[in-house]
>>> print(open('coords_9.cif').read())   # mmCIF, C-alpha atoms
data_data
#
loop_
_atom_site.label_atom_id
_atom_site.label_comp_id
_atom_site.auth_asym_id
_atom_site.auth_seq_id
_atom_site.Cartn_x
_atom_site.Cartn_y
_atom_site.Cartn_z
CA MET R 111 71.03 -133.14 97.87
CA GLN R 112 67.86 -132.05 99.66
CA ALA R 113 69.90 -131.07 102.70
CA ASP R 114 72.20 -128.98 100.50
CA LEU R 115 69.20 -127.19 98.99
CA THR R 116 67.75 -126.53 102.43
CA MET R 117 71.03 -125.13 103.72
CA GLY R 118 71.34 -123.03 100.57
CA ASN R 119 67.86 -121.60 100.99
CA LEU R 120 68.60 -120.83 104.63
CA ALA R 121 71.84 -119.10 103.71
CA ASN R 122 70.07 -117.04 101.05
CA ALA R 123 67.33 -116.07 103.50
CA LEU R 124 69.87 -114.99 106.10
CA THR R 125 71.80 -113.00 103.52
CA PHE R 126 68.61 -111.28 102.37
CA GLU R 127 67.61 -110.44 105.94
CA SER R 128 71.07 -109.04 106.63
CA GLU R 129 70.98 -106.90 103.48
CA GLU R 130 67.48 -105.66 104.28
CA THR R 131 68.46 -104.79 107.84
CA ALA R 132 71.40 -102.78 106.50
CA LEU R 133 69.16 -101.05 103.94
CA ILE R 134 66.61 -100.11 106.58
CA ALA R 135 69.35 -98.70 108.79
CA GLU R 136 70.62 -96.56 105.90
CA LEU R 137 67.10 -95.37 105.09
CA GLN R 138 66.45 -94.43 108.70
CA ALA R 139 69.77 -92.57 108.75
CA GLY R 140 68.54 -90.47 105.83
CA SER R 141 70.77 -91.88 103.10
CA GLU R 142 69.77 -90.41 99.74
CA ASP R 143 71.58 -93.20 97.88
CA ALA R 144 69.66 -95.86 99.82
CA PHE R 145 66.35 -94.16 99.07
CA ALA R 146 67.23 -93.78 95.38
CA GLY R 147 68.06 -97.49 95.26
CA LEU R 148 64.76 -98.31 96.95
CA ILE R 149 62.84 -96.32 94.34
CA GLU R 150 64.78 -97.98 91.53
CA ARG R 151 63.92 -101.42 92.90
CA TYR R 152 60.25 -100.88 93.68
CA HIS R 153 59.01 -98.13 91.36
CA GLN R 154 57.88 -100.35 88.48
CA PRO R 155 56.29 -103.10 90.62
CA ILE R 156 54.38 -100.56 92.70
CA TYR R 157 53.27 -98.63 89.64
CA SER R 158 52.10 -101.83 87.92
CA LEU R 159 50.13 -102.82 91.01
CA LEU R 160 48.46 -99.42 91.30
CA ALA R 161 47.71 -99.16 87.58
CA ARG R 162 45.73 -102.37 87.81
CA ALA R 163 44.17 -101.55 91.15
CA VAL R 164 42.82 -98.08 90.31
CA GLN R 165 42.55 -98.61 86.51
CA ASP R 166 43.76 -95.11 85.69
CA ARG R 167 47.39 -94.79 84.77
CA ALA R 168 47.65 -91.08 85.46
CA ASP R 169 46.27 -91.67 88.96
CA ALA R 170 48.61 -94.64 89.36
CA ALA R 171 51.62 -92.49 88.50
CA ASP R 172 50.59 -89.89 91.10
CA LEU R 173 49.85 -92.56 93.70
CA THR R 174 53.24 -94.18 93.10
CA GLN R 175 54.92 -90.91 93.98
CA ASP R 176 52.70 -90.58 97.05
CA VAL R 177 53.66 -94.07 98.18
CA PHE R 178 57.37 -93.27 98.15
CA VAL R 179 56.78 -89.98 99.93
CA LYS R 180 55.00 -91.90 102.68
CA VAL R 181 57.79 -94.49 102.74
CA PHE R 182 60.38 -91.74 103.12
CA ARG R 183 58.43 -90.05 105.90
CA GLY R 184 57.46 -93.24 107.70
CA VAL R 185 60.57 -95.40 107.50
CA GLY R 186 61.83 -93.95 110.77
CA ASN R 187 58.91 -95.64 112.51
CA PHE R 188 59.37 -98.96 110.72
CA HIS R 189 60.49 -101.59 113.22
CA GLY R 190 60.59 -104.70 111.08
CA GLU R 191 57.21 -106.15 112.02
CA SER R 192 57.08 -107.37 108.41
CA SER R 193 59.49 -107.38 105.49
CA LEU R 194 60.28 -104.00 103.97
CA ARG R 195 58.63 -105.07 100.70
CA THR R 196 55.44 -106.13 102.45
CA TRP R 197 55.34 -102.80 104.30
CA ILE R 198 55.74 -100.83 101.05
CA TYR R 199 53.04 -102.84 99.28
CA ARG R 200 50.69 -102.36 102.23
CA ILE R 201 51.14 -98.59 101.89
CA ALA R 202 50.42 -98.87 98.16
CA LEU R 203 47.24 -100.87 98.74
CA ARG R 204 46.05 -98.33 101.28
CA GLU R 205 46.64 -95.53 98.77
CA ALA R 206 44.71 -97.47 96.11
CA SER R 207 41.83 -98.04 98.52
CA ASN R 208 41.74 -94.34 99.41
CA GLN R 209 41.76 -93.45 95.74
CA ARG R 210 38.81 -95.76 94.99
CA ARG R 211 36.83 -94.22 97.84
CA TRP R 212 37.63 -90.75 96.54
CA TRP R 213 36.51 -91.78 93.05
CA THR R 214 33.23 -93.07 94.41
CA ARG R 215 32.55 -89.77 96.18
CA HIS R 216 33.58 -87.58 93.25
CA ARG R 217 32.46 -89.71 90.30
CA GLN R 218 30.41 -86.91 88.77
CA GLN R 219 33.27 -84.44 88.95
CA GLU R 220 35.95 -86.68 87.45
CA ILE R 221 37.50 -85.48 84.19
CA PRO R 222 37.72 -88.18 81.48
CA ILE R 223 41.26 -89.36 80.85
CA GLU R 224 40.86 -88.56 77.14
CA GLN R 225 40.08 -84.90 77.85
CA GLU R 226 42.88 -82.41 77.37
CA MET R 227 44.06 -81.14 80.73
CA VAL R 228 44.54 -77.44 81.48
CA GLU R 229 46.82 -75.67 83.92
CA SER R 230 45.79 -76.33 87.52
CA GLU R 231 45.12 -73.67 90.13
CA SER R 232 48.45 -74.49 91.76
CA GLY R 233 50.19 -73.32 88.59
CA ARG R 234 51.59 -76.76 87.77
CA GLN R 235 51.81 -77.26 84.03
CA PRO R 236 50.04 -80.27 82.49
CA MET R 237 52.34 -83.16 81.69
CA ARG R 238 52.11 -86.10 79.32
CA LEU R 239 51.82 -89.42 81.08
CA LYS R 240 54.81 -90.89 79.29
CA GLU R 241 56.90 -88.00 80.63
CA MET R 242 55.93 -88.87 84.19
CA LEU R 243 56.93 -92.54 83.99
CA VAL R 244 60.57 -93.21 83.33
CA ASP R 245 61.14 -96.83 84.35
CA PRO R 246 61.51 -98.97 81.18
CA ALA R 247 61.30 -102.35 82.92
CA GLU R 248 58.53 -104.74 81.96
CA SER R 249 56.91 -106.89 84.64
CA PRO R 250 57.08 -110.70 84.43
CA TYR R 251 53.32 -110.76 83.93
CA ASP R 252 53.57 -108.49 80.89
CA MET R 253 56.43 -110.50 79.40
CA ALA R 254 54.51 -113.76 79.85
CA LEU R 255 51.50 -112.61 77.85
CA HIS R 256 51.36 -112.40 74.08
CA LYS R 257 50.79 -108.86 72.92
CA GLU R 258 47.54 -109.70 71.13
CA ASN R 259 46.02 -111.16 74.32
CA ARG R 260 47.19 -108.56 76.81
CA ALA R 261 44.45 -106.01 76.24
CA ARG R 262 41.71 -108.64 76.60
CA VAL R 263 43.17 -110.12 79.78
CA GLU R 264 43.72 -106.71 81.37
CA ALA R 265 40.20 -105.62 80.43
CA ALA R 266 38.76 -108.80 81.93
CA LEU R 267 40.83 -108.31 85.09
CA SER R 268 39.45 -104.80 85.45
CA GLN R 269 35.92 -106.25 85.59
CA VAL R 270 36.69 -108.56 88.51
CA PRO R 271 35.14 -106.88 91.59
CA GLU R 272 37.10 -105.83 94.63
CA PRO R 273 38.56 -107.20 96.83
CA PHE R 274 39.00 -110.25 94.59
CA ARG R 275 40.84 -108.29 91.90
CA THR R 276 43.50 -107.02 94.29
CA THR R 277 43.99 -110.53 95.69
CA LEU R 278 44.48 -111.87 92.15
CA ILE R 279 46.98 -109.12 91.38
CA LEU R 280 49.02 -109.77 94.51
CA ARG R 281 49.04 -113.57 94.30
CA ASP R 282 48.88 -114.46 90.60
CA ILE R 283 50.57 -111.43 89.02
CA GLU R 284 52.94 -110.08 91.65
CA GLY R 285 53.72 -113.54 92.99
CA PHE R 286 53.37 -112.91 96.72
CA VAL R 287 52.85 -115.94 98.94
CA TYR R 288 49.54 -116.35 100.76
CA GLU R 289 50.94 -115.12 104.07
CA GLU R 290 52.22 -111.91 102.51
CA VAL R 291 48.90 -111.26 100.77
CA ALA R 292 47.07 -111.81 104.05
CA GLU R 293 49.35 -109.39 105.86
CA MET R 294 49.02 -106.72 103.17
CA GLN R 295 45.24 -106.94 103.11
CA GLY R 296 44.85 -107.33 106.86
CA VAL R 297 42.90 -110.59 106.62
CA ASN R 298 43.49 -114.24 107.53
CA LEU R 299 44.75 -116.97 105.20
CA GLY R 300 41.30 -118.47 104.76
CA THR R 301 39.95 -115.18 103.49
CA VAL R 302 42.84 -114.83 101.04
CA LYS R 303 42.25 -118.32 99.65
CA SER R 304 38.51 -117.73 99.40
CA ARG R 305 39.01 -114.43 97.58
CA LEU R 306 41.52 -116.05 95.25
CA VAL R 307 39.15 -118.87 94.32
CA ARG R 308 36.30 -116.45 93.68
CA GLY R 309 38.53 -114.01 91.82
CA ARG R 310 39.93 -116.72 89.55
CA ALA R 311 36.43 -118.01 88.87
CA ALA R 312 35.22 -114.51 88.01
CA LEU R 313 38.17 -113.88 85.72
CA LYS R 314 37.70 -117.23 83.97
CA ALA R 315 33.99 -116.54 83.49
CA ILE R 316 34.73 -113.17 81.92
CA LEU R 317 37.44 -114.55 79.64
CA THR R 318 35.31 -117.47 78.45
CA ALA R 319 32.25 -115.31 77.84
CA PRO R 320 31.52 -114.03 74.30
CA ALA R 321 34.21 -111.59 73.26
CA GLN R 322 31.84 -108.64 73.03
CA SER R 323 31.09 -108.90 76.76
CA ILE R 324 34.60 -107.71 77.59
CA CYS R 325 34.85 -103.96 77.29
CA THR R 326 38.01 -103.62 75.22
CA PRO R 327 37.96 -100.36 73.25
CA GLU R 328 39.56 -100.22 69.82
CA HIS R 329 42.58 -98.53 71.34
CA SER R 330 42.68 -100.00 74.82
CA GLU R 331 44.63 -98.17 77.51
CA PHE R 332 46.33 -101.52 78.13
CA ASP R 333 47.48 -102.08 74.52
CA MET R 334 50.96 -101.02 75.56
CA PRO R 335 52.68 -103.03 78.31
CA LEU R 336 52.92 -101.21 81.60
CA GLY R 337 56.67 -101.30 81.48
CA GLU R 338 56.92 -99.91 77.95
CA GLU R 339 54.56 -97.06 78.73
CA ALA R 340 56.75 -96.08 81.66
CA ARG R 341 59.55 -94.98 79.37
#
>>> encode(input="coords_9.cif", output="structure tokens")
Amino acid sequence: MQADLTMGNLANALTFESEETALIAELQAGSEDAFAGLIERYHQPIYSLLARAVQDRADAADLTQDVFVKVFRGVGNFHGESSLRTWIYRIALREASNQRRWWTRHRQQEIPIEQEMVESESGRQPMRLKEMLVDPAESPYDMALHKENRARVEAALSQVPEPFRTTLILRDIEGFVYEEVAEMQGVNLGTVKSRLVRGRAALKAILTAPAQSICTPEHSEFDMPLGEEAR
């Protein structure tokens, strides 16, 4: 029985690698259908990751588009050093890191998300967030949480400092194995495990603290599941 399972896992892995190799070849050949399929597969997971990483859903929507632009432009130079998924997530994490640095430099100039936006200098009309996000899928993490607890958990997660928060997101929410998380963050396994322990401890401390210590506004931006908001 164990041997059958092992052979089955090996067969599945080989099939996946074969399918991914074919997909990469199509992407590098400029196939629009292949790229559309790639976006359909990864749009919601990447958006969910970025929404939690940068804590601003409008920024996350823009960054998600930027990620796929970079994937489209860079896939010709992708040589399979990692899995395609790992490569895409690494691009997303780099975009999130760049966005956090930008926010730090321009904190005083940032417009509150509640403020009504006006037409930009480029002439682009303002757009409602729900009109920008069209993927209706809900992540496994969102489905696993009861609605009444989601806002509190998300608010607590947002208070976990970096880089522990991103490690928690990748390992405990997105479900990546330790090796993938290490590759995405450019660190060794020991660092990943250390960050995970500290991140989990921080999250637990926040969740077990008095309720008022968690900054959950009356109408939290996380009241609606990420997937539902993307309709």
>>> closest_residue(input="coords_9.cif", among="R:Tyr157, R:Phe178, R:Phe274, R:Phe145", to="Trp197 of chain R", atoms="all atoms listed in the file")
R:Phe178
>>> atom_distance(input="coords_9.cif", atom1="atom CA of Leu278 of chain R", atom2="atom CA of Asp166 of chain R")
18.0 Å
>>> closest_residue(input="coords_9.cif", among="R:Ile134, R:Ala170, R:Ala261, R:Leu299", to="Val185 of chain R", atoms="all atoms listed in the file")
R:Ile134
>>> atom_distance(input="coords_9.cif", atom1="atom CA of Val307 of chain R", atom2="atom CA of Gln269 of chain R")
15.7 Å
>>> atom_distance(input="coords_9.cif", atom1="atom CA of Gln209 of chain R", atom2="atom CA of Gly309 of chain R")
21.2 Å
>>> residues_around(input="coords_9.cif", residues="Glu289 of chain R", least_positions_apart="2", cutoff="9 Å", atoms="only C-alpha atoms", output="PyMOL selection string")
chain R and resi 286-287+291-294+298-299+302
>>> closest_residue(input="coords_9.cif", among="R:Arg151, R:Arg195, R:His189, R:Arg204", to="Val177 of chain R", atoms="only C-alpha atoms")
R:Arg204
>>> resolve_selection(input="coords_9.cif", expression="the PyMOL selection byres ((chain R and resi 186) around 12)", output="list in words")
Ile134, Ala135, Glu136, Leu137, Gln138, Ala139, Gly140, Ser141, Lys180, Val181, Phe182, Arg183, Gly184, Val185, Asn187, Phe188, His189 and Gly190 of chain R
>>> closest_residue(input="coords_9.cif", among="R:Leu133, R:Val297, R:Leu159, R:Leu317", to="Gly285 of chain R", atoms="all atoms listed in the file")
R:Leu159
>>> residues_around(input="coords_9.cif", residues="Ala311 of chain R", least_positions_apart="5", cutoff="12 Å", atoms="all atoms listed in the file", output="ChimeraX atom specification")
/R:266-267,270-271,274-275,278,304-306,316-318
>>> closest_residue(input="coords_9.cif", among="R:Ala132, R:Val179, R:Ala312, R:Ala161", to="Ile149 of chain R", atoms="all atoms listed in the file")
R:Val179
>>> resolve_selection(input="coords_9.cif", expression="the PyMOL selection byres ((chain R and resi 202) around 8)", output="list in words")
Ile156, Leu160, Leu173, Thr174, Val177, Ile198, Tyr199, Arg200, Ile201, Leu203, Arg204, Glu205 and Ala206 of chain R
>>> closest_residue(input="coords_9.cif", among="R:His153, R:Gln295, R:Ala168, R:Glu127", to="Ser207 of chain R", atoms="all atoms listed in the file")
R:Gln295
